[in-house]
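Asks: Starting off with a structure, shown below.
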Amino acid sequence: MPLLVVGSIAFDSVETPRGKVDRMLGGAATYVALAASQFTPVRVVGIVGDDFGAEDARVFEKRRIDTGGIEHAPGKTFFWAGRYNVNMNERTTLVTELNVFSGFRPKLPDSYRNSRFVFLANIDPSLQLSVLQQVRIRPKLVAMDTMNYWIEGAPKELRKVLRHVDILVINDDEARQLTGEHNLTRAAKSVFRMGPRILVIKRGEHGALMLSGNSIFSAPAFPLEKVCDPTGAGDSFAGGFMGHLAQVGRINPGALRRAMIYGSVMGSFAVEQFGLKRIQALRLQEINQRAGKFAQLTQFEL
Ligand code: AMP
């Protein structure tokens, strides 16, 4: 089933100990869409400016990504610049230029309004809510991401959208900040009271945790020798996770656990090269091979 994704489409300048790239196509929605498109057709809602060219559009169109929901507005596309520290686990945002993103009011094309699987990438929670309100019937699965900026700056709006969300996908710092709980099991209980019944916590090089009810599933991070650029790892994780669930069309404990592994697979590929380079050129066979390695990585007998 198609996956509806809303979020930022950006140009990113990134500096890591492995090098520097200026103004490459990025943005949370772009990473989510490209990763998910390996598993299922994707519909994207976002906004771009005059500097978004035919070549950029082709990145989406080459995959199963419907770009009818990308609005073209006069002005410049959202721009973000960041720098990573030596061991790549800290990043400093150098520049955030909202540009056309500041006037963004997401508008779903009519053909998107029957979407059953929805991912709300990190944007203003009131815009996330407006996307949900435009979907005709309550989707089968709604997941969302957010960040410290909205947790601090728009707590009321965030709580409002959380009431309509099944799965919250955030990192460990954000989970602690949102709930005021340091212990992640307690943080999950607090998130469940806000609406979502599942909390997925991305922990970078330490893998990812999924908490629901009283059950916890832990996916390791793939041990890579060389990390080139962590940008978009979390969004690629979300794309693999939601892409798999939309592909199977069912949400049960087995599918959710496999989704955690496909998310981890896509996150691990994303960081191997700068920007979208690796995610864009991936073949299904490579994805399946790496999923098999994940199974080996955690297999043991009692
Ligand atoms: P991640 O590394 O998964 O956190 O995502 C990085 C992507 O998020 C980059 O491609 C940026 O363009 C995008 N991004 C950075 N800051 C923001 C923001 N404030 N709102 C929306 N997207 C952002």
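Residue names in the structure tokens use chain letters A, B, ... in the order shown, residue numbers from 1 in each chain, and ligand numbers from 1 in the order shown.
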Quick one: everything within 8 Å of region 286-290 of chain A, counting only C-alpha atoms, minus sequence neighbours fewer than 2 positions away in the same chain. Send it as a ChimeraX atom specification.
Replies: /A:262,265-266,282-284,292-294
Asks: Store the residues picked out above in a file with all heavy atoms, as a compact mmCIF listing (two decimals), in the first residue's frame.
Replies:
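As written to disk, out.txt reads:
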```
# COMPACT_ATOMS: atom_id res chain seq x y z
N TYR A 262 14.46 -3.71 8.98
CA TYR A 262 14.59 -3.00 7.70
C TYR A 262 14.92 -1.53 7.92
O TYR A 262 15.67 -0.93 7.14
CB TYR A 262 13.32 -3.17 6.85
CG TYR A 262 13.27 -4.55 6.22
CD1 TYR A 262 12.31 -5.48 6.60
CD2 TYR A 262 14.21 -4.93 5.27
CE1 TYR A 262 12.29 -6.76 6.04
CE2 TYR A 262 14.21 -6.20 4.72
CZ TYR A 262 13.25 -7.11 5.10
OH TYR A 262 13.25 -8.36 4.55
N VAL A 265 18.58 -1.50 8.62
CA VAL A 265 19.31 -1.75 7.37
C VAL A 265 19.43 -0.44 6.58
O VAL A 265 20.53 -0.06 6.14
CB VAL A 265 18.58 -2.83 6.52
CG1 VAL A 265 19.09 -2.85 5.10
CG2 VAL A 265 18.71 -4.21 7.17
N MET A 266 18.32 0.28 6.43
CA MET A 266 18.34 1.49 5.61
C MET A 266 19.18 2.59 6.28
O MET A 266 19.91 3.33 5.61
CB MET A 266 16.92 1.99 5.34
CG MET A 266 16.05 1.00 4.58
SD MET A 266 16.81 0.31 3.11
CE MET A 266 16.68 1.66 1.98
N LEU A 282 20.69 2.01 -4.11
CA LEU A 282 20.60 0.67 -3.50
C LEU A 282 19.78 -0.30 -4.33
O LEU A 282 18.78 0.07 -4.93
CB LEU A 282 19.89 0.81 -2.15
CG LEU A 282 20.72 0.84 -0.90
CD1 LEU A 282 19.80 0.92 0.30
CD2 LEU A 282 21.61 -0.37 -0.79
N ARG A 283 20.20 -1.57 -4.28
CA ARG A 283 19.40 -2.61 -4.93
C ARG A 283 18.76 -3.48 -3.85
O ARG A 283 19.33 -3.64 -2.76
CB ARG A 283 20.29 -3.45 -5.85
CG ARG A 283 20.62 -2.71 -7.15
CD ARG A 283 21.62 -3.44 -8.01
NE ARG A 283 22.90 -3.54 -7.31
CZ ARG A 283 23.49 -4.69 -6.99
NH1 ARG A 283 22.94 -5.83 -7.31
NH2 ARG A 283 24.64 -4.70 -6.34
N LEU A 284 17.61 -4.05 -4.20
CA LEU A 284 16.86 -4.86 -3.24
C LEU A 284 17.70 -6.01 -2.69
O LEU A 284 17.63 -6.36 -1.51
CB LEU A 284 15.59 -5.40 -3.93
CG LEU A 284 14.50 -5.89 -2.98
CD1 LEU A 284 14.07 -4.78 -2.03
CD2 LEU A 284 13.30 -6.38 -3.80
N GLY A 292 19.79 -10.19 6.28
CA GLY A 292 20.26 -11.53 6.68
C GLY A 292 21.42 -11.43 7.66
O GLY A 292 21.50 -12.19 8.63
N LYS A 293 22.30 -10.46 7.44
CA LYS A 293 23.43 -10.27 8.36
C LYS A 293 22.94 -9.82 9.73
O LYS A 293 23.52 -10.16 10.75
CB LYS A 293 24.42 -9.27 7.78
CG LYS A 293 25.21 -9.85 6.62
CD LYS A 293 26.32 -8.93 6.19
CE LYS A 293 27.00 -9.51 4.96
NZ LYS A 293 27.75 -8.51 4.22
N PHE A 294 21.88 -9.03 9.74
CA PHE A 294 21.29 -8.62 11.03
C PHE A 294 20.78 -9.84 11.79
O PHE A 294 20.93 -9.93 13.00
CB PHE A 294 20.13 -7.63 10.80
CG PHE A 294 20.54 -6.20 10.89
CD1 PHE A 294 20.89 -5.49 9.74
CD2 PHE A 294 20.60 -5.54 12.11
CE1 PHE A 294 21.27 -4.16 9.81
CE2 PHE A 294 20.98 -4.21 12.19
CZ PHE A 294 21.32 -3.52 11.04
```
Asks: Counting only C-alpha atoms and all ligand atoms, what are the residues, protein, DNA or RNA alike, that approach ligand 1 to within 8 Å? I want them as a CSV table (one decimal) with N, CA, C and O atoms, in the first residue's frame.
Replies:
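Wrote result-v4.csv, looks like this:
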```
chain,number,residue,atom,x,y,z
A,7,GLY,N,7.1,16.3,5.0
A,7,GLY,CA,8.3,16.8,5.7
A,7,GLY,C,9.1,17.7,4.8
A,7,GLY,O,8.7,18.2,3.8
A,8,SER,N,10.3,17.9,5.3
A,8,SER,CA,11.2,18.9,4.6
A,8,SER,C,11.9,18.3,3.4
A,8,SER,O,12.2,17.1,3.4
A,9,ILE,N,11.9,19.1,2.3
A,9,ILE,CA,12.8,18.8,1.2
A,9,ILE,C,13.8,19.9,1.2
A,9,ILE,O,13.4,21.1,1.3
A,10,ALA,N,15.1,19.6,1.1
A,10,ALA,CA,16.1,20.6,1.4
A,10,ALA,C,17.3,20.5,0.5
A,10,ALA,O,17.5,19.5,-0.2
A,11,PHE,N,18.1,21.6,0.6
A,11,PHE,CA,19.5,21.4,0.2
A,11,PHE,C,20.4,21.5,1.4
A,11,PHE,O,20.1,22.3,2.3
A,12,ASP,N,21.3,20.6,1.5
A,12,ASP,CA,22.1,20.4,2.7
A,12,ASP,C,23.6,20.6,2.4
A,12,ASP,O,24.1,20.1,1.3
A,25,LEU,N,21.0,17.6,-2.5
A,25,LEU,CA,19.6,17.4,-2.2
A,25,LEU,C,19.5,16.6,-0.9
A,25,LEU,O,20.2,15.6,-0.7
A,26,GLY,N,18.6,17.0,0.0
A,26,GLY,CA,18.4,16.3,1.3
A,26,GLY,C,17.0,16.7,1.8
A,26,GLY,O,16.1,16.9,1.0
A,27,GLY,N,16.9,16.7,3.1
A,27,GLY,CA,15.6,16.9,3.8
A,27,GLY,C,15.0,15.6,4.3
A,27,GLY,O,15.2,14.6,3.7
A,28,ALA,N,14.3,15.8,5.4
A,28,ALA,CA,13.8,14.5,6.1
A,28,ALA,C,12.8,13.8,5.1
A,28,ALA,O,12.9,12.5,5.0
A,30,THR,N,12.7,13.6,2.0
A,30,THR,CA,13.5,13.0,0.9
A,30,THR,C,14.1,11.7,1.3
A,30,THR,O,14.0,10.7,0.6
A,31,TYR,N,14.8,11.7,2.5
A,31,TYR,CA,15.4,10.5,3.0
A,31,TYR,C,14.3,9.4,3.3
A,31,TYR,O,14.4,8.3,2.9
A,78,PHE,N,14.3,25.2,1.3
A,78,PHE,CA,14.9,25.1,2.6
A,78,PHE,C,16.4,24.7,2.6
A,78,PHE,O,16.7,23.8,1.8
A,79,PHE,N,17.2,25.4,3.4
A,79,PHE,CA,18.6,25.1,3.3
A,79,PHE,C,19.1,24.8,4.8
A,79,PHE,O,18.8,25.5,5.7
A,80,TRP,N,19.9,23.8,4.9
A,80,TRP,CA,20.4,23.4,6.2
A,80,TRP,C,21.9,23.0,6.1
A,80,TRP,O,22.3,22.4,5.1
A,81,ALA,N,22.7,23.5,7.0
A,81,ALA,CA,24.2,23.2,7.0
A,81,ALA,C,24.6,22.7,8.3
A,81,ALA,O,24.1,23.2,9.4
A,93,THR,N,24.5,22.4,14.1
A,93,THR,CA,23.8,23.0,13.0
A,93,THR,C,24.4,24.4,12.8
A,93,THR,O,24.5,25.2,13.7
A,96,THR,N,20.3,27.3,9.3
A,96,THR,CA,19.0,26.8,9.0
A,96,THR,C,18.3,28.0,8.3
A,96,THR,O,18.0,29.0,8.9
A,121,ALA,N,7.0,13.4,9.0
A,121,ALA,CA,8.4,13.7,9.4
A,121,ALA,C,8.5,15.0,10.2
A,121,ALA,O,7.5,15.7,10.4
A,122,ASN,N,9.7,15.3,10.7
A,122,ASN,CA,9.9,16.4,11.6
A,122,ASN,C,9.5,17.7,11.0
A,122,ASN,O,10.4,18.3,10.3
A,123,ILE,N,8.3,18.2,11.3
A,123,ILE,CA,8.0,19.6,10.9
A,123,ILE,C,7.1,20.2,12.0
A,123,ILE,O,6.7,19.4,13.0
A,124,ASP,N,6.7,21.4,11.9
A,124,ASP,CA,5.8,22.0,12.9
A,124,ASP,C,4.6,21.1,13.2
A,124,ASP,O,3.8,20.7,12.2
A,147,MET,N,11.3,16.9,17.0
A,147,MET,CA,12.7,17.3,17.5
A,147,MET,C,12.6,18.3,18.6
A,147,MET,O,11.5,18.8,18.9
A,149,TYR,N,13.3,21.3,19.0
A,149,TYR,CA,12.8,22.6,18.7
A,149,TYR,C,11.3,22.7,19.0
A,149,TYR,O,10.8,23.6,19.5
A,230,PRO,N,26.5,10.9,8.7
A,230,PRO,CA,25.3,10.4,9.4
A,230,PRO,C,24.0,11.1,9.1
A,230,PRO,O,22.9,10.7,9.5
A,231,THR,N,24.1,12.2,8.2
A,231,THR,CA,22.8,12.9,7.9
A,231,THR,C,21.8,12.0,7.3
A,231,THR,O,22.1,11.3,6.4
A,232,GLY,N,20.6,12.1,7.8
A,232,GLY,CA,19.5,11.3,7.2
A,232,GLY,C,19.4,9.9,7.7
A,232,GLY,O,18.5,9.2,7.2
A,233,ALA,N,20.3,9.5,8.6
A,233,ALA,CA,20.2,8.1,9.1
A,233,ALA,C,18.9,7.8,9.8
A,233,ALA,O,18.2,6.8,9.5
A,234,GLY,N,18.5,8.7,10.6
A,234,GLY,CA,17.2,8.5,11.3
A,234,GLY,C,16.0,8.5,10.4
A,234,GLY,O,15.1,7.7,10.6
A,235,ASP,N,16.0,9.4,9.4
A,235,ASP,CA,14.9,9.4,8.4
A,235,ASP,C,14.9,8.2,7.5
A,235,ASP,O,13.9,7.7,7.2
A,236,SER,N,16.1,7.7,7.2
A,236,SER,CA,16.2,6.5,6.4
A,236,SER,C,15.7,5.3,7.2
A,236,SER,O,15.0,4.4,6.7
A,275,GLY,N,25.2,12.2,1.9
A,275,GLY,CA,23.8,12.5,1.4
A,275,GLY,C,23.1,11.3,1.0
A,275,GLY,O,23.1,10.3,1.7
```
Asks: Separation of CA of Val42 (chain A) and CA of Ile70 (chain A), in Å?
Replies: 12.3 Å
Asks: Wanna dump the region 101-192 of chain A-region 202-209 of chain A contacts at 12 Å for me, each residue with its shortest atom pair and the distance in Å to one decimal, counting only C-alpha atoms, ordered by chain and number, as JSON lines?
Replies:
```
{"residue": "A:Asp145", "atom": "CA", "partner": "A:Lys202", "partner_atom": "CA", "distance": 10.6}
{"residue": "A:Leu168", "atom": "CA", "partner": "A:Lys202", "partner_atom": "CA", "distance": 10.6}
{"residue": "A:Val169", "atom": "CA", "partner": "A:Lys202", "partner_atom": "CA", "distance": 7.2}
{"residue": "A:Ile170", "atom": "CA", "partner": "A:Lys202", "partner_atom": "CA", "distance": 6.0}
{"residue": "A:Asn171", "atom": "CA", "partner": "A:Lys202", "partner_atom": "CA", "distance": 4.4}
{"residue": "A:Asp172", "atom": "CA", "partner": "A:Arg203", "partner_atom": "CA", "distance": 6.0}
{"residue": "A:Asp173", "atom": "CA", "partner": "A:Arg203", "partner_atom": "CA", "distance": 8.9}
{"residue": "A:Glu174", "atom": "CA", "partner": "A:Lys202", "partner_atom": "CA", "distance": 9.7}
{"residue": "A:Ala175", "atom": "CA", "partner": "A:Lys202", "partner_atom": "CA", "distance": 9.6}
{"residue": "A:Leu184", "atom": "CA", "partner": "A:Leu209", "partner_atom": "CA", "distance": 9.4}
{"residue": "A:Thr185", "atom": "CA", "partner": "A:Leu209", "partner_atom": "CA", "distance": 10.1}
{"residue": "A:Ala188", "atom": "CA", "partner": "A:Leu209", "partner_atom": "CA", "distance": 10.5}
```
Asks: Using only C-alpha atoms, pick whichever of A:Leu108, A:Ala291, A:Ala143, A:Leu94 has the shortest atom-to-atom distance to Val131 (chain A).
Replies: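 Under the stated criterion, the closest residue is A:Leu108.
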Asks: Let's see if you can do this: from backbone DSSP, list all strand (DSSP E) residues in region 105-294 of chain A, as a list in words.
Replies: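 Residues of region 105-294 of chain A classed as strand (DSSP E): Phe117, Val118, Phe119, Leu120, Leu141, Val142, Ala143, Met144, Ile167, Leu168, Val169, Ile170, Asn171, Ile198, Leu199, Val200, Ile201, Lys202, Ala208, Leu209, Met210, Leu211, Ser212, Ser215, Ile216, Phe217, Ser218 and Ala219 of chain A.
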